[in-house]
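Asker: What follows is a structure written as structure tokens; I'll ask about it next.
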Amino acid sequence: MKRLALILCVVMVLLAPAGVTRGQPAADTVTWGEDFEVVLLDPRVTQSRHEAQVIMQIFDTLLFLDNDGKLYPGLAEKWEYSKDGKSVTFTLRKGVKFHDGADFNAEAVKFTFDSIQNPALGSQAAIDFLGPYESAEVVDQHTVKVNWKQPFAAALTNLSNPWLLGIVSPTAVKRLGDAGFSKAPVGTGPFKFVEFVPRVRVVLERNDQYNWAPKAFKHQGPPRIRRLVFRTIPDASTRVAALERGEIDVADAVPPIDVRRFKGSRDFDVVIGDVSGIPFSYLFNTTKSPTDDVRVRQAFMYATDRVKITEQVFFGVAKPAYGPITPTTPGYWAGAEKMYPYDLNKARQLLEEAGWRVGPGGIRTKNGVPLEIYFPALLQPELGIAIQAAVKEAGIKFDVERVTKAKQDEQVMNNEYTLGAIRWVAVDPSVLGIPFYSRNIPAPGKFKFNWSRFGSPELDRMILTADTTIDPTRRAQLLAGVQKFVLDRALIHPIHISPQPIGFRRSVQGMRFAQGFWQMLFYEATVTR
Amino acid sequence: MSTYVIRRLVGTVPVLFVATTLAFLVLQLIPGDPVNLMLGGVPTSLELRENLRKKLGLDQPLHTQYVTFITRAVRGDLGISFRTRQPVVEVIKQQLPSTLELAAGGMLIGVSFGMALGILAGIRPNSVIDTITMLIAIIGISIPGYWTAMLLIFIFGLKLGWVPIVGSGLPALILPSIVVGSFAVGDIARLVRSSIVEVRNEDYIRTARAKGLPERRVILRHALRNAMIPVVTLIGLQLGLFVGGGVITETVFARQGIGKLLVDAILEKDYPIVQAIILMITSAYVFANFFVDILYSVLDPRIRYG
């Protein structure tokens with residue numbers, strides 16, 4: 001018996017030193033810990049913001065849109081809108097090569113955009129970012145004219161999207177096939193694809209030929225780091241532990257509690273991206289009682305103290321939101337901030353006017369029916385609970401039920417909810433069409449995002465006009481009109497801007513948020529060991 | 001013996017068939033349209049959706065889908081994953097080594113510590129050692145794996161720095177093996193203990209002692225061997241569990257593996273993957289039990305099969 005114990009002890013002692021090597025990543029390598037697995041690395045196919053994180057290091061776009069909203073030449077040196085706003089002619093940069101050695105030219109641009117239209121490819125998002133695409137004409141080797149069926153105001157911002165409309169190598173796609181390409185992508189970007197181990201990691205390597213970086217970057221030439229590794233670590237605590245132990249250098253989606261800890265630490269720091277697009281918002285179902293009454297919807301909004309709630313739930317990591325698009329999105333209308341301040345009395349007064357009287361347990365009733373709002377909570381149920389407590393003060397019973405994505409989608413399509421939650425990472429304000437075009441009202445078998453189910457020809461026309469007006473000043477005015485319209489009618493209840501807290505070792509510098517403030521670009525990153 | 005083996009092998013076929021049929025039907029009951037889930041929140045035209053549906057064969061009636069699935073499965077073709085668009089066999093092949101590694105590691109921990117603790121407790125029932133070891137066993141069974149994992153990462157990964165947290169290779173296997181094995185440790189220890197307690201008063205043990213055999217030999221050769229039958233059954237069942245049940249461990253330690261693949265596939269309604277994994281886990285159970293039955297006769301030659 002003693003011998004057995006002894007053997008076990010020896011085995012344990014022998015095993016221990018095997019692991020004693022502290023996580024010591026190689027110099028020149030940066031390892032990123034990602035909260036979700038990546039599957040498809042083809043910009044033309046993906047719809048995942050996690051895959052985006054990898055894809056945008058490998059591909060370049062025709063134009064580069066910086067975080068300040070300024071457009072820079074990318075693979076295109078010059079561009080010009082046609083008079084009717086339906087075409088843009090791009091003069092392409094010369095001397096650019098794909099990672100497989102093929103030349104970048106007008107044919108490659110045409111191939112990329114045309115292939116996105118092919119249903120066999122199964123494009124999930126790029127196809128929508130191309131808008132009412134008609135064709136691409138190869139004028140000469142370095143000139144391409146892209147045509148749309150109608151004037152397309154979002155054309156330039158969309159074409160600068162670094163993870164959906166990156167230009168792919170036609171030779172590589174033909175050689176590998178679409179499925180093969182999505183596992184071994186070839187672009188012109190600062191990093192080359194090396195290895196993909198599903199559910200574990202993607203490894204990229206510096207593209208030593210790279211000398212066509214957009215002028216938005218101070219650095220030019222090949223990237224400074226040699227290798228870039230994306231490690232999938234779904235569990236947040238594990239990701240943070242791996243960062244602290246030095247097994248990874250950067251971690252995405254750092255929990256708020258760790259953000260506070262890292263902020264004051266010697267070795268680590270956090271940057272928080274205020275994600276652009278549609279903030280985390282509730283959409284009221286205008287076809288269902290009680291939210292078919294605008295006064296109920298407005299009362300709900302007045303009863304929510306967004307400043308206090310976001311502070312409590314996110315420890316100050318997230319900022320409250322007031323408009324249907326965030327301040328970091330072009331065309332943001334600041335007037336939204338003055339609407340619906342926290343005002344409990346106003347909320348009570350509106351409900352009284354609407355005929356809802358305080359009943360048993362403080363919940364209001366009308367004709368014996370309690371004032372009940374049902375929320376199938378896929379996103380942020382904990383925030384739902386905080387809001388539940390807030391609106392109860394006004395006499396609203398807010399039912400928050402945790403559901404799976406599949407369940408939520410069924411309920412949305414079958415109109416079995418009174419309130420739903422959405423958020424949308426986007427760079428162009430045309431994102432407003434997603435929850436507000438009447439054609440996006442969900443129906444059985446048709447999953448769409450107009451969850452307030454508010455169909456109005458007037459609103460449709462307003463959005464369409466904004467989407468087809470090329471002049472930025474005029475467009476901003478039209479967009480302000482759209483934002484005011486949906487807030488006046490309390491279709492959407494913006495709650496907070498989605499935060500993207502990125503934790504990193506201080507020895508890694510020079511990372512930069514890509515447009516939209518969700519992903520990080522590693523082109524200029526440096527690492528000191 | 002060989003007739004028995006063949007008969008048992010043939011007997012596995014209907015079990016596998018029923019299991020896959022059930023899996024196929026149950027999947028249809030879960031709400032959610034795979035096409036919608038695949039496209040996520042992306043606004044796409046109805047036409048695109050229909051195209052995708054056709055491509056995946058989801059436009060066919062249910063019984064046609066089922067027949068296609070079975071005829072292909074028999075030929076070893078488990079279809080293409082909706083999500084990764086790779087052959088299912090390939091997807092599983094990528095994940096399997098990691099799962100088997102973890103199962104082996106968990107088994108090693110479970111069996112060695114479980115047996116050791118069980119023997120310690122069993123030879124002196126109701127002693128202090130017994131109480132302490134059984135307490136350890138109960139802790140092993142009752143603490144959720146998620147919590148054990150976090151605790152181990154915190155102590156041995158972060159504070160002491162003995163083992164990597166998400167690394168690769170043998171050192172990275174230690175903590176996950178302990179988490180997976182800790183359930184088995186408790187189960188096996190309790191069973192070994194009660195089996196030993198049961199046999200230690202048997203006549204043949206007294207005879208062995210009376211022959212003047214050293215106590216260690218009495219325990220290991222006589223008591224333990226006879227106490228092993230229920231334990232081997234349990235180990236067989238645990239093996240099946242290891243193959244499919246590692247989802248939490250796999251998530252926390254950011255490992256590849258069948259468990260997480262299965263859960264993700266269910267959530268995303270990736271039918272081909274779910275069906276293939278259920279087929280695989282069922283096979284694992286069936287064959288583990290099959291080997292257990294064979295082991296019975298080795299352990300206890302009195303068990304005869306005709």
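A note on labels: chains of the structure tokens are A, B, ... as shown, every chain counts residues from 1, and ligands are counted from 1 in their shown order.
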Within 10 Å of Val274 (chain B), counting only C-alpha atoms, which residues show up once you throw out same-chain ones fewer than 6 positions away? Write them as an mmCIF file with C-alpha atoms, in the first residue's frame, please.

Answerer:
```
data_model
loop_
_atom_site.group_PDB
_atom_site.id
_atom_site.type_symbol
_atom_site.label_atom_id
_atom_site.label_comp_id
_atom_site.auth_asym_id
_atom_site.auth_seq_id
_atom_site.Cartn_x
_atom_site.Cartn_y
_atom_site.Cartn_z
ATOM 1 C CA THR B 20 -29.724 7.430 -34.837
ATOM 2 C CA ALA B 23 -31.614 11.505 -32.824
ATOM 3 C CA PHE B 24 -32.913 12.386 -36.254
ATOM 4 C CA LEU B 27 -33.690 17.223 -33.800
ATOM 5 C CA SER B 81 -21.584 20.268 -41.910
ATOM 6 C CA VAL B 88 -18.637 15.780 -41.167
ATOM 7 C CA LEU B 261 -18.737 20.431 -30.945
ATOM 8 C CA LEU B 262 -21.985 18.642 -30.109
ATOM 9 C CA VAL B 263 -23.421 21.421 -27.975
ATOM 10 C CA ASP B 264 -22.530 24.083 -30.544
ATOM 11 C CA ALA B 265 -24.008 21.959 -33.298
ATOM 12 C CA ILE B 266 -27.270 21.494 -31.382
ATOM 13 C CA LEU B 267 -27.562 25.229 -30.750
ATOM 14 C CA GLU B 268 -26.947 25.948 -34.411
ATOM 15 C CA MET B 280 -20.429 8.029 -32.323
#
```

Asker: With a distance cut-off of 10 Å and only C-alpha atoms, select the neighbouring residues of Val203 (chain A), excluding the residue or stretch itself and same-chain residues fewer than 2 positions from it, and output the selection as a PyMOL selection string.

Answerer: chain A and resi 31+54+191-197+201+205+227-231

Asker: With only C-alpha atoms as the basis for distance, which of B:Ala276, B:Thr282, B:Ser112, B:Val180 is at the shortest distance from Arg72 (chain B)?

Answerer: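 The shortest atom-to-atom distance to Arg72 (chain B) comes from B:Ala276.
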
Asker: Using only C-alpha atoms for the distances, tell me which of A:Tyr340, A:Tyr72, A:Phe314, A:Phe129 is nearest to Val254 (chain A).

Answerer: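 For Val254 (chain A), the nearest of the given residues is A:Phe314.
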
Asker: Which residue is closest to chain B? Choose from A:Val271, A:Ile127, A:Ile363, A:Ala336 and count only C-alpha atoms.

Answerer: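 Selected residue with least distance to chain B: A:Ile127.
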
Asker: Hey, which of B:Val247, B:Ala103, B:Leu237, B:Leu25 ends up closest to chain A? Count only C-alpha atoms.

Answerer: B:Val247

Asker: Neighbours of Val482 (chain A) within 9 Å (only C-alpha atoms; same-chain residues fewer than 3 positions away dropped), as a list of chain:residue names?

Answerer: A:Leu432, A:Leu459, A:Met462, A:Ile463, A:Ala466, A:Gln477, A:Leu478, A:Leu479, A:Phe485, A:Val486, A:Leu487

Asker: Restricting it to N, CA and C atoms, dump the selection as a PDB file, in the first residue's frame.

Answerer:
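So the final result, stored in again01.pdb, reads:
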```pdb
ATOM      1  N   LEU A 432     -29.723  51.928 -40.455  1.00  0.00           N
ATOM      2  CA  LEU A 432     -31.065  52.250 -39.950  1.00  0.00           C
ATOM      3  C   LEU A 432     -32.161  51.515 -40.713  1.00  0.00           C
ATOM      4  N   LEU A 459     -41.956  56.525 -43.626  1.00  0.00           N
ATOM      5  CA  LEU A 459     -40.643  56.215 -43.059  1.00  0.00           C
ATOM      6  C   LEU A 459     -39.780  55.501 -44.105  1.00  0.00           C
ATOM      7  N   MET A 462     -38.391  58.048 -46.367  1.00  0.00           N
ATOM      8  CA  MET A 462     -37.355  58.862 -45.727  1.00  0.00           C
ATOM      9  C   MET A 462     -36.017  58.110 -45.710  1.00  0.00           C
ATOM     10  N   ILE A 463     -36.072  56.819 -45.371  1.00  0.00           N
ATOM     11  CA  ILE A 463     -34.822  56.040 -45.304  1.00  0.00           C
ATOM     12  C   ILE A 463     -34.228  55.879 -46.698  1.00  0.00           C
ATOM     13  N   ALA A 466     -32.514  58.986 -47.879  1.00  0.00           N
ATOM     14  CA  ALA A 466     -31.211  59.145 -47.213  1.00  0.00           C
ATOM     15  C   ALA A 466     -30.183  58.176 -47.800  1.00  0.00           C
ATOM     16  N   GLN A 477     -28.855  65.626 -43.001  1.00  0.00           N
ATOM     17  CA  GLN A 477     -30.157  66.217 -42.648  1.00  0.00           C
ATOM     18  C   GLN A 477     -31.269  65.173 -42.745  1.00  0.00           C
ATOM     19  N   LEU A 478     -31.225  64.417 -43.837  1.00  0.00           N
ATOM     20  CA  LEU A 478     -32.256  63.397 -44.038  1.00  0.00           C
ATOM     21  C   LEU A 478     -32.187  62.331 -42.935  1.00  0.00           C
ATOM     22  N   LEU A 479     -30.950  61.971 -42.557  1.00  0.00           N
ATOM     23  CA  LEU A 479     -30.786  60.954 -41.515  1.00  0.00           C
ATOM     24  C   LEU A 479     -31.286  61.447 -40.168  1.00  0.00           C
ATOM     25  N   PHE A 485     -37.896  60.798 -36.295  1.00  0.00           N
ATOM     26  CA  PHE A 485     -39.168  60.109 -36.583  1.00  0.00           C
ATOM     27  C   PHE A 485     -39.339  58.866 -35.696  1.00  0.00           C
ATOM     28  N   VAL A 486     -38.312  58.030 -35.634  1.00  0.00           N
ATOM     29  CA  VAL A 486     -38.467  56.773 -34.884  1.00  0.00           C
ATOM     30  C   VAL A 486     -38.467  57.003 -33.377  1.00  0.00           C
ATOM     31  N   LEU A 487     -37.792  58.080 -32.932  1.00  0.00           N
ATOM     32  CA  LEU A 487     -37.804  58.367 -31.500  1.00  0.00           C
ATOM     33  C   LEU A 487     -39.118  59.033 -31.088  1.00  0.00           C
TER      34      LEU A 487
END
```

Asker: I'd like to know which of B:Ser283, B:Asn201, B:Thr249, B:Thr233 is closest to chain A, using only C-alpha atoms.

Answerer: B:Thr249

Asker: Could you write out, as a PDB file with N, CA and C atoms, in the first residue's frame, all the residues of region 51-200 of chain A that DSSP marks as strand (DSSP E or B)?

Answerer:
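Produced file selection04.pdb, reproduced below:
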```pdb
ATOM      1  N   LEU A  63     -10.800  51.093 -50.532  1.00  0.00           N
ATOM      2  CA  LEU A  63     -10.650  52.332 -49.779  1.00  0.00           C
ATOM      3  C   LEU A  63     -10.440  51.979 -48.324  1.00  0.00           C
ATOM      4  N   PHE A  64      -9.819  52.914 -47.599  1.00  0.00           N
ATOM      5  CA  PHE A  64      -9.625  52.701 -46.166  1.00  0.00           C
ATOM      6  C   PHE A  64     -10.346  53.803 -45.414  1.00  0.00           C
ATOM      7  N   LEU A  65     -11.246  53.397 -44.538  1.00  0.00           N
ATOM      8  CA  LEU A  65     -11.991  54.382 -43.750  1.00  0.00           C
ATOM      9  C   LEU A  65     -11.437  54.375 -42.337  1.00  0.00           C
ATOM     10  N   LEU A  71     -11.873  59.108 -45.427  1.00  0.00           N
ATOM     11  CA  LEU A  71     -11.557  58.047 -46.393  1.00  0.00           C
ATOM     12  C   LEU A  71     -10.148  58.240 -46.938  1.00  0.00           C
ATOM     13  N   TYR A  72      -9.406  57.154 -47.019  1.00  0.00           N
ATOM     14  CA  TYR A  72      -8.060  57.193 -47.580  1.00  0.00           C
ATOM     15  C   TYR A  72      -7.978  56.236 -48.764  1.00  0.00           C
ATOM     16  N   PRO A  73      -7.065  56.498 -49.702  1.00  0.00           N
ATOM     17  CA  PRO A  73      -6.858  55.521 -50.757  1.00  0.00           C
ATOM     18  C   PRO A  73      -6.382  54.202 -50.149  1.00  0.00           C
ATOM     19  N   ALA A  76      -7.335  51.301 -54.185  1.00  0.00           N
ATOM     20  CA  ALA A  76      -7.659  52.280 -55.226  1.00  0.00           C
ATOM     21  C   ALA A  76      -6.980  53.597 -54.875  1.00  0.00           C
ATOM     22  N   GLU A  77      -6.306  54.195 -55.863  1.00  0.00           N
ATOM     23  CA  GLU A  77      -5.641  55.473 -55.606  1.00  0.00           C
ATOM     24  C   GLU A  77      -6.615  56.634 -55.721  1.00  0.00           C
ATOM     25  N   LYS A  78      -7.546  56.486 -56.653  1.00  0.00           N
ATOM     26  CA  LYS A  78      -8.526  57.546 -56.881  1.00  0.00           C
ATOM     27  C   LYS A  78      -9.893  56.911 -57.136  1.00  0.00           C
ATOM     28  N   TRP A  79     -10.945  57.695 -56.875  1.00  0.00           N
ATOM     29  CA  TRP A  79     -12.279  57.209 -57.181  1.00  0.00           C
ATOM     30  C   TRP A  79     -13.166  58.390 -57.532  1.00  0.00           C
ATOM     31  N   GLU A  80     -14.153  58.131 -58.355  1.00  0.00           N
ATOM     32  CA  GLU A  80     -15.009  59.211 -58.806  1.00  0.00           C
ATOM     33  C   GLU A  80     -16.420  58.700 -59.031  1.00  0.00           C
ATOM     34  N   TYR A  81     -17.368  59.379 -58.382  1.00  0.00           N
ATOM     35  CA  TYR A  81     -18.778  59.057 -58.577  1.00  0.00           C
ATOM     36  C   TYR A  81     -19.223  59.534 -59.952  1.00  0.00           C
ATOM     37  N   SER A  87     -22.613  54.972 -60.382  1.00  0.00           N
ATOM     38  CA  SER A  87     -21.353  54.277 -60.665  1.00  0.00           C
ATOM     39  C   SER A  87     -20.192  54.987 -59.995  1.00  0.00           C
ATOM     40  N   VAL A  88     -19.175  54.212 -59.669  1.00  0.00           N
ATOM     41  CA  VAL A  88     -17.930  54.795 -59.182  1.00  0.00           C
ATOM     42  C   VAL A  88     -16.801  54.179 -59.987  1.00  0.00           C
ATOM     43  N   THR A  89     -15.901  55.043 -60.500  1.00  0.00           N
ATOM     44  CA  THR A  89     -14.748  54.544 -61.242  1.00  0.00           C
ATOM     45  C   THR A  89     -13.525  54.603 -60.335  1.00  0.00           C
ATOM     46  N   PHE A  90     -12.855  53.468 -60.197  1.00  0.00           N
ATOM     47  CA  PHE A  90     -11.687  53.389 -59.315  1.00  0.00           C
ATOM     48  C   PHE A  90     -10.418  53.252 -60.146  1.00  0.00           C
ATOM     49  N   THR A  91      -9.428  54.079 -59.832  1.00  0.00           N
ATOM     50  CA  THR A  91      -8.110  53.913 -60.444  1.00  0.00           C
ATOM     51  C   THR A  91      -7.271  53.108 -59.443  1.00  0.00           C
ATOM     52  N   LEU A  92      -6.805  51.951 -59.872  1.00  0.00           N
ATOM     53  CA  LEU A  92      -6.174  51.040 -58.913  1.00  0.00           C
ATOM     54  C   LEU A  92      -4.670  51.276 -58.795  1.00  0.00           C
ATOM     55  N   LYS A  97       0.712  42.923 -55.100  1.00  0.00           N
ATOM     56  CA  LYS A  97       0.663  41.491 -55.365  1.00  0.00           C
ATOM     57  C   LYS A  97      -0.087  40.740 -54.273  1.00  0.00           C
ATOM     58  N   ASP A 103      -0.838  39.054 -59.592  1.00  0.00           N
ATOM     59  CA  ASP A 103      -0.969  40.509 -59.608  1.00  0.00           C
ATOM     60  C   ASP A 103      -2.370  40.924 -59.198  1.00  0.00           C
ATOM     61  N   TYR A 133     -25.964  46.150 -56.346  1.00  0.00           N
ATOM     62  CA  TYR A 133     -24.852  45.965 -57.293  1.00  0.00           C
ATOM     63  C   TYR A 133     -25.367  45.486 -58.637  1.00  0.00           C
ATOM     64  N   GLU A 134     -24.815  46.064 -59.700  1.00  0.00           N
ATOM     65  CA  GLU A 134     -25.210  45.612 -61.023  1.00  0.00           C
ATOM     66  C   GLU A 134     -24.057  44.900 -61.700  1.00  0.00           C
ATOM     67  N   SER A 135     -22.912  45.589 -61.805  1.00  0.00           N
ATOM     68  CA  SER A 135     -21.793  44.978 -62.524  1.00  0.00           C
ATOM     69  C   SER A 135     -20.509  45.725 -62.214  1.00  0.00           C
ATOM     70  N   ALA A 136     -19.401  45.125 -62.610  1.00  0.00           N
ATOM     71  CA  ALA A 136     -18.112  45.807 -62.572  1.00  0.00           C
ATOM     72  C   ALA A 136     -17.511  45.692 -63.961  1.00  0.00           C
ATOM     73  N   GLU A 137     -17.071  46.820 -64.484  1.00  0.00           N
ATOM     74  CA  GLU A 137     -16.479  46.806 -65.838  1.00  0.00           C
ATOM     75  C   GLU A 137     -14.980  47.012 -65.723  1.00  0.00           C
ATOM     76  N   VAL A 138     -14.224  46.140 -66.380  1.00  0.00           N
ATOM     77  CA  VAL A 138     -12.776  46.321 -66.437  1.00  0.00           C
ATOM     78  C   VAL A 138     -12.490  47.317 -67.567  1.00  0.00           C
ATOM     79  N   VAL A 139     -12.149  48.556 -67.185  1.00  0.00           N
ATOM     80  CA  VAL A 139     -11.881  49.582 -68.190  1.00  0.00           C
ATOM     81  C   VAL A 139     -10.496  49.327 -68.796  1.00  0.00           C
ATOM     82  N   ASP A 140      -9.501  49.217 -67.935  1.00  0.00           N
ATOM     83  CA  ASP A 140      -8.203  48.698 -68.352  1.00  0.00           C
ATOM     84  C   ASP A 140      -7.644  47.950 -67.149  1.00  0.00           C
ATOM     85  N   THR A 143      -8.051  50.088 -64.024  1.00  0.00           N
ATOM     86  CA  THR A 143      -9.237  50.923 -63.845  1.00  0.00           C
ATOM     87  C   THR A 143     -10.469  50.027 -63.854  1.00  0.00           C
ATOM     88  N   VAL A 144     -11.312  50.205 -62.857  1.00  0.00           N
ATOM     89  CA  VAL A 144     -12.529  49.412 -62.804  1.00  0.00           C
ATOM     90  C   VAL A 144     -13.699  50.322 -62.477  1.00  0.00           C
ATOM     91  N   LYS A 145     -14.810  50.100 -63.171  1.00  0.00           N
ATOM     92  CA  LYS A 145     -15.998  50.912 -62.944  1.00  0.00           C
ATOM     93  C   LYS A 145     -17.073  50.011 -62.334  1.00  0.00           C
ATOM     94  N   VAL A 146     -17.523  50.375 -61.129  1.00  0.00           N
ATOM     95  CA  VAL A 146     -18.533  49.565 -60.453  1.00  0.00           C
ATOM     96  C   VAL A 146     -19.890  50.240 -60.613  1.00  0.00           C
ATOM     97  N   ASN A 147     -20.877  49.483 -61.062  1.00  0.00           N
ATOM     98  CA  ASN A 147     -22.209  50.043 -61.322  1.00  0.00           C
ATOM     99  C   ASN A 147     -23.253  49.480 -60.363  1.00  0.00           C
ATOM    100  N   TRP A 148     -24.148  50.380 -59.937  1.00  0.00           N
ATOM    101  CA  TRP A 148     -25.274  49.964 -59.108  1.00  0.00           C
ATOM    102  C   TRP A 148     -26.582  50.244 -59.836  1.00  0.00           C
ATOM    103  N   PHE A 191      -0.736  40.715 -43.480  1.00  0.00           N
ATOM    104  CA  PHE A 191      -0.377  39.398 -42.940  1.00  0.00           C
ATOM    105  C   PHE A 191      -0.842  38.296 -43.873  1.00  0.00           C
ATOM    106  N   LYS A 192      -0.010  37.245 -43.930  1.00  0.00           N
ATOM    107  CA  LYS A 192      -0.317  36.089 -44.782  1.00  0.00           C
ATOM    108  C   LYS A 192      -0.843  34.953 -43.927  1.00  0.00           C
ATOM    109  N   PHE A 193      -1.744  34.199 -44.500  1.00  0.00           N
ATOM    110  CA  PHE A 193      -2.268  33.045 -43.794  1.00  0.00           C
ATOM    111  C   PHE A 193      -1.212  31.939 -43.729  1.00  0.00           C
ATOM    112  N   VAL A 194      -1.086  31.297 -42.549  1.00  0.00           N
ATOM    113  CA  VAL A 194      -0.135  30.183 -42.397  1.00  0.00           C
ATOM    114  C   VAL A 194      -0.836  28.893 -42.009  1.00  0.00           C
ATOM    115  N   GLU A 195      -1.656  28.951 -40.947  1.00  0.00           N
ATOM    116  CA  GLU A 195      -2.197  27.702 -40.402  1.00  0.00           C
ATOM    117  C   GLU A 195      -3.553  27.942 -39.755  1.00  0.00           C
ATOM    118  N   PHE A 196      -4.430  26.958 -39.881  1.00  0.00           N
ATOM    119  CA  PHE A 196      -5.756  27.041 -39.276  1.00  0.00           C
ATOM    120  C   PHE A 196      -6.055  25.715 -38.592  1.00  0.00           C
ATOM    121  N   VAL A 197      -6.121  25.725 -37.277  1.00  0.00           N
ATOM    122  CA  VAL A 197      -6.509  24.532 -36.528  1.00  0.00           C
ATOM    123  C   VAL A 197      -7.902  24.809 -35.985  1.00  0.00           C
TER     124      VAL A 197
END
```

Asker: Would you kindly return, as a PDB file with N, CA and C atoms, in the first residue's frame, each protein, DNA or RNA residue with an atom no farther than 9 Å from any atom of Asp300 (chain B), considering only C-alpha atoms and excluding same-chain residues fewer than 6 positions away?

Answerer:
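Below is the file around34.pdb, written as the result:
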```pdb
ATOM      1  N   ARG B 225      -9.746  -8.499  -6.690  1.00  0.00           N
ATOM      2  CA  ARG B 225     -10.134  -9.117  -7.954  1.00  0.00           C
ATOM      3  C   ARG B 225     -11.620  -9.489  -7.947  1.00  0.00           C
ATOM      4  N   ASN B 226     -12.074  -9.994  -6.830  1.00  0.00           N
ATOM      5  CA  ASN B 226     -13.483 -10.349  -6.753  1.00  0.00           C
ATOM      6  C   ASN B 226     -14.379  -9.124  -6.635  1.00  0.00           C
ATOM      7  N   ILE B 229     -15.839  -6.712 -10.377  1.00  0.00           N
ATOM      8  CA  ILE B 229     -16.881  -6.835 -11.409  1.00  0.00           C
ATOM      9  C   ILE B 229     -17.772  -5.591 -11.511  1.00  0.00           C
TER      10      ILE B 229
END
```

Asker: So, with only C-alpha atoms as the atoms that count, which of B:Gln256, B:Gln95, B:Thr12, B:Gln275 lies closest to Asn289 (chain B)?

Answerer: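 Between B:Gln256, B:Gln95, B:Thr12, B:Gln275, the residue approaching Asn289 (chain B) most closely is B:Thr12.
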
Asker: Rounded to one decimal place, report the CA of Gln117 (chain A)-CA of Pro170 (chain A) distance in Å.

Answerer: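 According to the coordinates, CA of Gln117 (chain A) and CA of Pro170 (chain A) are separated by 14.8 Å.
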
Asker: How many Å lie between CA of Ile441 (chain A) and CA of Thr468 (chain A), rounded to one decimal?

Answerer: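 That distance, rounded to one decimal, is 21.4 Å.
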